[in-house]
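Participant: What follows is a structure written as structure tokens; I'll ask about it next.
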Amino acid sequence: MTTLFISDLHLDAERPAITELFGAFMHRQARQAEALYILGDLFEAWVGDDDPSETGAYVADRIREVVDAGVPVYFIRGNRDFLVGDAFARRAGMRILPDPAVVVLYDRPVLLMHGDLLCSDDTAYQAFRAQTRDPDWQQQFLAQPLAARLAFAAQARAASQARQQGMIQSDRAQFETVTDVTATTVEATLARYGIDTLIHGHTHRPAVHALQVGGRECRRIVLGDWYEQGSVLRADPDGYQLQALA
């Protein structure tokens, strides 16, 4: 048996092939797993559980089928779908975990995160994150009409893309640094929890990194995104393996 980890699928009606790949993955591989963890950005955008999108309904149904087959599914909210709520979780049958979350995997504690909290050098984003995670802000946002929320999400994506393009044109090296994790934040996080394995997504830079924290051998496993292909981390008692899904 294996435990599977995925993140940064960014599922959206404009990318039906990736949504179909997700469906195939859930039908063929996830059903055979011991558990499935989705570490954020399952959707390109999520403006509330009342959004009647076909993509949202399709994804909920595929997750529910896996859960009904006896495989628990766990979800950590990402920076694109931080408004996924209890109503969608109940519909899909999945359990929402806090960010960060500690789980025991084959008798060893593992720290799970979406990963955006580790990018502490991006101060502008961290300020935006703090604002949008505030319960009062979320309550006011969700009280707006669906059309207004969808428009806000579209504007936010456009602004983010424009900001990234501007940073790349101005100083690509600085862009790569700011949009990746901050080493000292990673080390401080591992030290705070006293755990030697961290799994996260968000940066779209799949890799396994070895590092020393307080004299301990640690590893940081980064999941890949699903923009051009699928990406999955397989874990079993013998270790971890990152794989690409065509």
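Simple scheme: letters A, B, ... for chains in structure tokens order, numbers from 1 for residues in each chain, numbers from 1 for ligands in the order shown.
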Show me, as a ChimeraX atom specification, the residues that have an atom within 12 Å of stretch 111-113 of chain A when counting only C-alpha atoms, minus same-chain residues fewer than 5 positions from it.

Facilitator: /A:5-7,37-41,74-79,97-105,118-119,186,189-203,218-223

Participant: For stretch 106-140 of chain A versus stretch 144-168 of chain A, which residues have an atom no more than 12 Å away, and what is each residue's nearest atom pair and distance in Å rounded to one decimal, using only C-alpha atoms, chain-then-number order, as a tab-separated table?

Facilitator:
```
residue	atom	partner	partner_atom	distance
A:Asp122	CA	A:Gln164	CA	11.5
A:Ala124	CA	A:Arg163	CA	10.5
A:Tyr125	CA	A:Ser160	CA	9.4
A:Phe128	CA	A:Ala156	CA	10.6
A:Thr132	CA	A:Ala156	CA	11.8
A:Trp137	CA	A:Gln144	CA	11.2
A:Gln138	CA	A:Gln144	CA	10.2
A:Gln139	CA	A:Gln144	CA	9.1
A:Gln140	CA	A:Gln144	CA	6.9
```

Participant: Could you turn the residues from that selection into a file that holds all heavy atoms, as a PDB file, in the first residue's frame?

Facilitator:
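Listed below is the output, result.pdb:
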```
ATOM      1  N   ASP A 122       8.647  37.072   0.136  1.00  0.00           N
ATOM      2  CA  ASP A 122       7.634  37.757  -0.666  1.00  0.00           C
ATOM      3  C   ASP A 122       6.684  38.483   0.286  1.00  0.00           C
ATOM      4  O   ASP A 122       5.581  38.027   0.563  1.00  0.00           O
ATOM      5  CB  ASP A 122       6.877  36.753  -1.534  1.00  0.00           C
ATOM      6  CG  ASP A 122       6.024  37.431  -2.605  1.00  0.00           C
ATOM      7  OD1 ASP A 122       5.807  38.655  -2.508  1.00  0.00           O
ATOM      8  OD2 ASP A 122       5.571  36.736  -3.529  1.00  0.00           O
ATOM      9  N   ALA A 124       4.961  41.227   0.001  1.00  0.00           N
ATOM     10  CA  ALA A 124       3.692  41.711  -0.547  1.00  0.00           C
ATOM     11  C   ALA A 124       2.658  40.591  -0.532  1.00  0.00           C
ATOM     12  O   ALA A 124       1.490  40.802  -0.154  1.00  0.00           O
ATOM     13  CB  ALA A 124       3.898  42.241  -1.959  1.00  0.00           C
ATOM     14  N   TYR A 125       3.069  39.397  -0.932  1.00  0.00           N
ATOM     15  CA  TYR A 125       2.130  38.282  -0.907  1.00  0.00           C
ATOM     16  C   TYR A 125       1.730  37.924   0.519  1.00  0.00           C
ATOM     17  O   TYR A 125       0.560  37.647   0.787  1.00  0.00           O
ATOM     18  CB  TYR A 125       2.714  37.039  -1.595  1.00  0.00           C
ATOM     19  CG  TYR A 125       1.864  35.833  -1.295  1.00  0.00           C
ATOM     20  CD1 TYR A 125       0.615  35.681  -1.882  1.00  0.00           C
ATOM     21  CD2 TYR A 125       2.262  34.889  -0.343  1.00  0.00           C
ATOM     22  CE1 TYR A 125      -0.208  34.607  -1.567  1.00  0.00           C
ATOM     23  CE2 TYR A 125       1.447  33.818  -0.021  1.00  0.00           C
ATOM     24  CZ  TYR A 125       0.212  33.680  -0.629  1.00  0.00           C
ATOM     25  OH  TYR A 125      -0.605  32.641  -0.292  1.00  0.00           O
ATOM     26  N   PHE A 128      -0.965  40.131   1.670  1.00  0.00           N
ATOM     27  CA  PHE A 128      -2.232  39.757   1.035  1.00  0.00           C
ATOM     28  C   PHE A 128      -2.788  38.486   1.668  1.00  0.00           C
ATOM     29  O   PHE A 128      -3.999  38.377   1.926  1.00  0.00           O
ATOM     30  CB  PHE A 128      -2.021  39.551  -0.464  1.00  0.00           C
ATOM     31  CG  PHE A 128      -3.237  39.042  -1.186  1.00  0.00           C
ATOM     32  CD1 PHE A 128      -4.277  39.890  -1.525  1.00  0.00           C
ATOM     33  CD2 PHE A 128      -3.340  37.697  -1.536  1.00  0.00           C
ATOM     34  CE1 PHE A 128      -5.404  39.420  -2.194  1.00  0.00           C
ATOM     35  CE2 PHE A 128      -4.460  37.215  -2.200  1.00  0.00           C
ATOM     36  CZ  PHE A 128      -5.496  38.079  -2.533  1.00  0.00           C
ATOM     37  N   THR A 132      -6.505  38.037   3.501  1.00  0.00           N
ATOM     38  CA  THR A 132      -7.553  37.157   2.980  1.00  0.00           C
ATOM     39  C   THR A 132      -7.819  35.958   3.885  1.00  0.00           C
ATOM     40  O   THR A 132      -8.835  35.271   3.697  1.00  0.00           O
ATOM     41  CB  THR A 132      -7.193  36.670   1.570  1.00  0.00           C
ATOM     42  OG1 THR A 132      -5.899  36.037   1.591  1.00  0.00           O
ATOM     43  CG2 THR A 132      -7.176  37.840   0.599  1.00  0.00           C
ATOM     44  N   TRP A 137     -12.742  39.332   6.926  1.00  0.00           N
ATOM     45  CA  TRP A 137     -12.611  39.586   5.483  1.00  0.00           C
ATOM     46  C   TRP A 137     -13.342  38.506   4.704  1.00  0.00           C
ATOM     47  O   TRP A 137     -14.068  38.805   3.749  1.00  0.00           O
ATOM     48  CB  TRP A 137     -11.133  39.608   5.087  1.00  0.00           C
ATOM     49  CG  TRP A 137     -10.905  39.980   3.650  1.00  0.00           C
ATOM     50  CD1 TRP A 137     -10.637  41.214   3.149  1.00  0.00           C
ATOM     51  CD2 TRP A 137     -10.937  39.082   2.520  1.00  0.00           C
ATOM     52  NE1 TRP A 137     -10.501  41.158   1.777  1.00  0.00           N
ATOM     53  CE2 TRP A 137     -10.682  39.862   1.367  1.00  0.00           C
ATOM     54  CE3 TRP A 137     -11.158  37.713   2.371  1.00  0.00           C
ATOM     55  CZ2 TRP A 137     -10.642  39.311   0.081  1.00  0.00           C
ATOM     56  CZ3 TRP A 137     -11.126  37.160   1.097  1.00  0.00           C
ATOM     57  CH2 TRP A 137     -10.868  37.949  -0.030  1.00  0.00           C
ATOM     58  N   GLN A 138     -13.167  37.254   5.091  1.00  0.00           N
ATOM     59  CA  GLN A 138     -13.810  36.160   4.372  1.00  0.00           C
ATOM     60  C   GLN A 138     -15.331  36.237   4.479  1.00  0.00           C
ATOM     61  O   GLN A 138     -16.041  35.989   3.503  1.00  0.00           O
ATOM     62  CB  GLN A 138     -13.291  34.821   4.895  1.00  0.00           C
ATOM     63  CG  GLN A 138     -11.825  34.584   4.581  1.00  0.00           C
ATOM     64  CD  GLN A 138     -11.363  33.189   4.915  1.00  0.00           C
ATOM     65  OE1 GLN A 138     -12.142  32.333   5.331  1.00  0.00           O
ATOM     66  NE2 GLN A 138     -10.076  32.926   4.733  1.00  0.00           N
ATOM     67  N   GLN A 139     -15.823  36.585   5.648  1.00  0.00           N
ATOM     68  CA  GLN A 139     -17.270  36.703   5.819  1.00  0.00           C
ATOM     69  C   GLN A 139     -17.835  37.786   4.918  1.00  0.00           C
ATOM     70  O   GLN A 139     -18.877  37.600   4.269  1.00  0.00           O
ATOM     71  CB  GLN A 139     -17.606  36.987   7.278  1.00  0.00           C
ATOM     72  CG  GLN A 139     -19.100  37.047   7.569  1.00  0.00           C
ATOM     73  CD  GLN A 139     -19.387  37.290   9.034  1.00  0.00           C
ATOM     74  OE1 GLN A 139     -18.534  37.736   9.802  1.00  0.00           O
ATOM     75  NE2 GLN A 139     -20.617  37.009   9.457  1.00  0.00           N
ATOM     76  N   GLN A 140     -17.153  38.928   4.865  1.00  0.00           N
ATOM     77  CA  GLN A 140     -17.616  40.020   4.016  1.00  0.00           C
ATOM     78  C   GLN A 140     -17.518  39.644   2.532  1.00  0.00           C
ATOM     79  O   GLN A 140     -18.413  39.963   1.742  1.00  0.00           O
ATOM     80  CB  GLN A 140     -16.793  41.277   4.295  1.00  0.00           C
ATOM     81  CG  GLN A 140     -17.021  41.861   5.693  1.00  0.00           C
ATOM     82  CD  GLN A 140     -16.103  43.035   5.973  1.00  0.00           C
ATOM     83  OE1 GLN A 140     -15.406  43.530   5.091  1.00  0.00           O
ATOM     84  NE2 GLN A 140     -16.088  43.485   7.219  1.00  0.00           N
TER      85      GLN A 140
END
```

Participant: For stretch 16-31 of chain A, work out the shell of residues within 7 Å, counting only C-alpha atoms and skipping chain neighbours fewer than 5 positions away, then give it as a PyMOL selection string.

Facilitator: chain A and resi 11+36+62+66+69+71

Participant: Would you mind exporting the chosen residues as a CSV table (one decimal), in the first residue's frame, restricted to all heavy atoms?

Facilitator:
```csv
chain,number,residue,atom,x,y,z
A,11,LEU,N,-7.1,23.2,-11.2
A,11,LEU,CA,-8.2,22.7,-12.1
A,11,LEU,C,-9.1,23.9,-12.5
A,11,LEU,O,-9.5,24.7,-11.6
A,11,LEU,CB,-8.9,21.6,-11.5
A,11,LEU,CG,-8.1,20.3,-11.1
A,11,LEU,CD1,-9.0,19.3,-10.5
A,11,LEU,CD2,-7.4,19.8,-12.4
A,36,LEU,N,-5.0,9.6,0.5
A,36,LEU,CA,-4.6,10.6,-0.5
A,36,LEU,C,-4.6,12.0,0.2
A,36,LEU,O,-5.6,12.3,0.9
A,36,LEU,CB,-5.6,10.7,-1.7
A,36,LEU,CG,-5.5,11.8,-2.6
A,36,LEU,CD1,-4.1,11.8,-3.4
A,36,LEU,CD2,-6.6,11.9,-3.6
A,62,ARG,N,-15.5,12.9,-8.0
A,62,ARG,CA,-14.4,12.0,-8.2
A,62,ARG,C,-13.7,11.7,-6.8
A,62,ARG,O,-13.3,10.6,-6.5
A,62,ARG,CB,-13.3,12.6,-9.1
A,62,ARG,CG,-13.7,12.9,-10.5
A,62,ARG,CD,-14.1,11.6,-11.3
A,62,ARG,NE,-15.4,11.1,-11.0
A,62,ARG,CZ,-16.6,11.6,-11.4
A,62,ARG,NH1,-16.5,12.7,-12.2
A,62,ARG,NH2,-17.7,11.1,-11.1
A,66,VAL,N,-13.6,8.0,-4.5
A,66,VAL,CA,-12.5,7.4,-3.8
A,66,VAL,C,-12.7,7.2,-2.3
A,66,VAL,O,-12.4,6.1,-1.8
A,66,VAL,CB,-11.2,8.4,-4.0
A,66,VAL,CG1,-10.1,7.9,-3.2
A,66,VAL,CG2,-10.8,8.4,-5.5
A,69,ALA,N,-14.8,4.3,-1.8
A,69,ALA,CA,-14.1,3.0,-2.0
A,69,ALA,C,-13.2,2.7,-0.8
A,69,ALA,O,-12.5,1.6,-0.9
A,69,ALA,CB,-13.2,3.2,-3.3
A,71,VAL,N,-10.9,4.9,0.7
A,71,VAL,CA,-9.6,5.6,0.8
A,71,VAL,C,-9.9,7.0,1.4
A,71,VAL,O,-10.6,7.8,0.8
A,71,VAL,CB,-9.0,5.7,-0.6
A,71,VAL,CG1,-7.6,6.5,-0.5
A,71,VAL,CG2,-8.8,4.4,-1.2
```

Participant: Have a look at A:Ala143, A:Ala127, A:Ala207, A:Ala60 and name the one nearest to A:Val47; count only C-alpha atoms.

Facilitator: A:Ala143
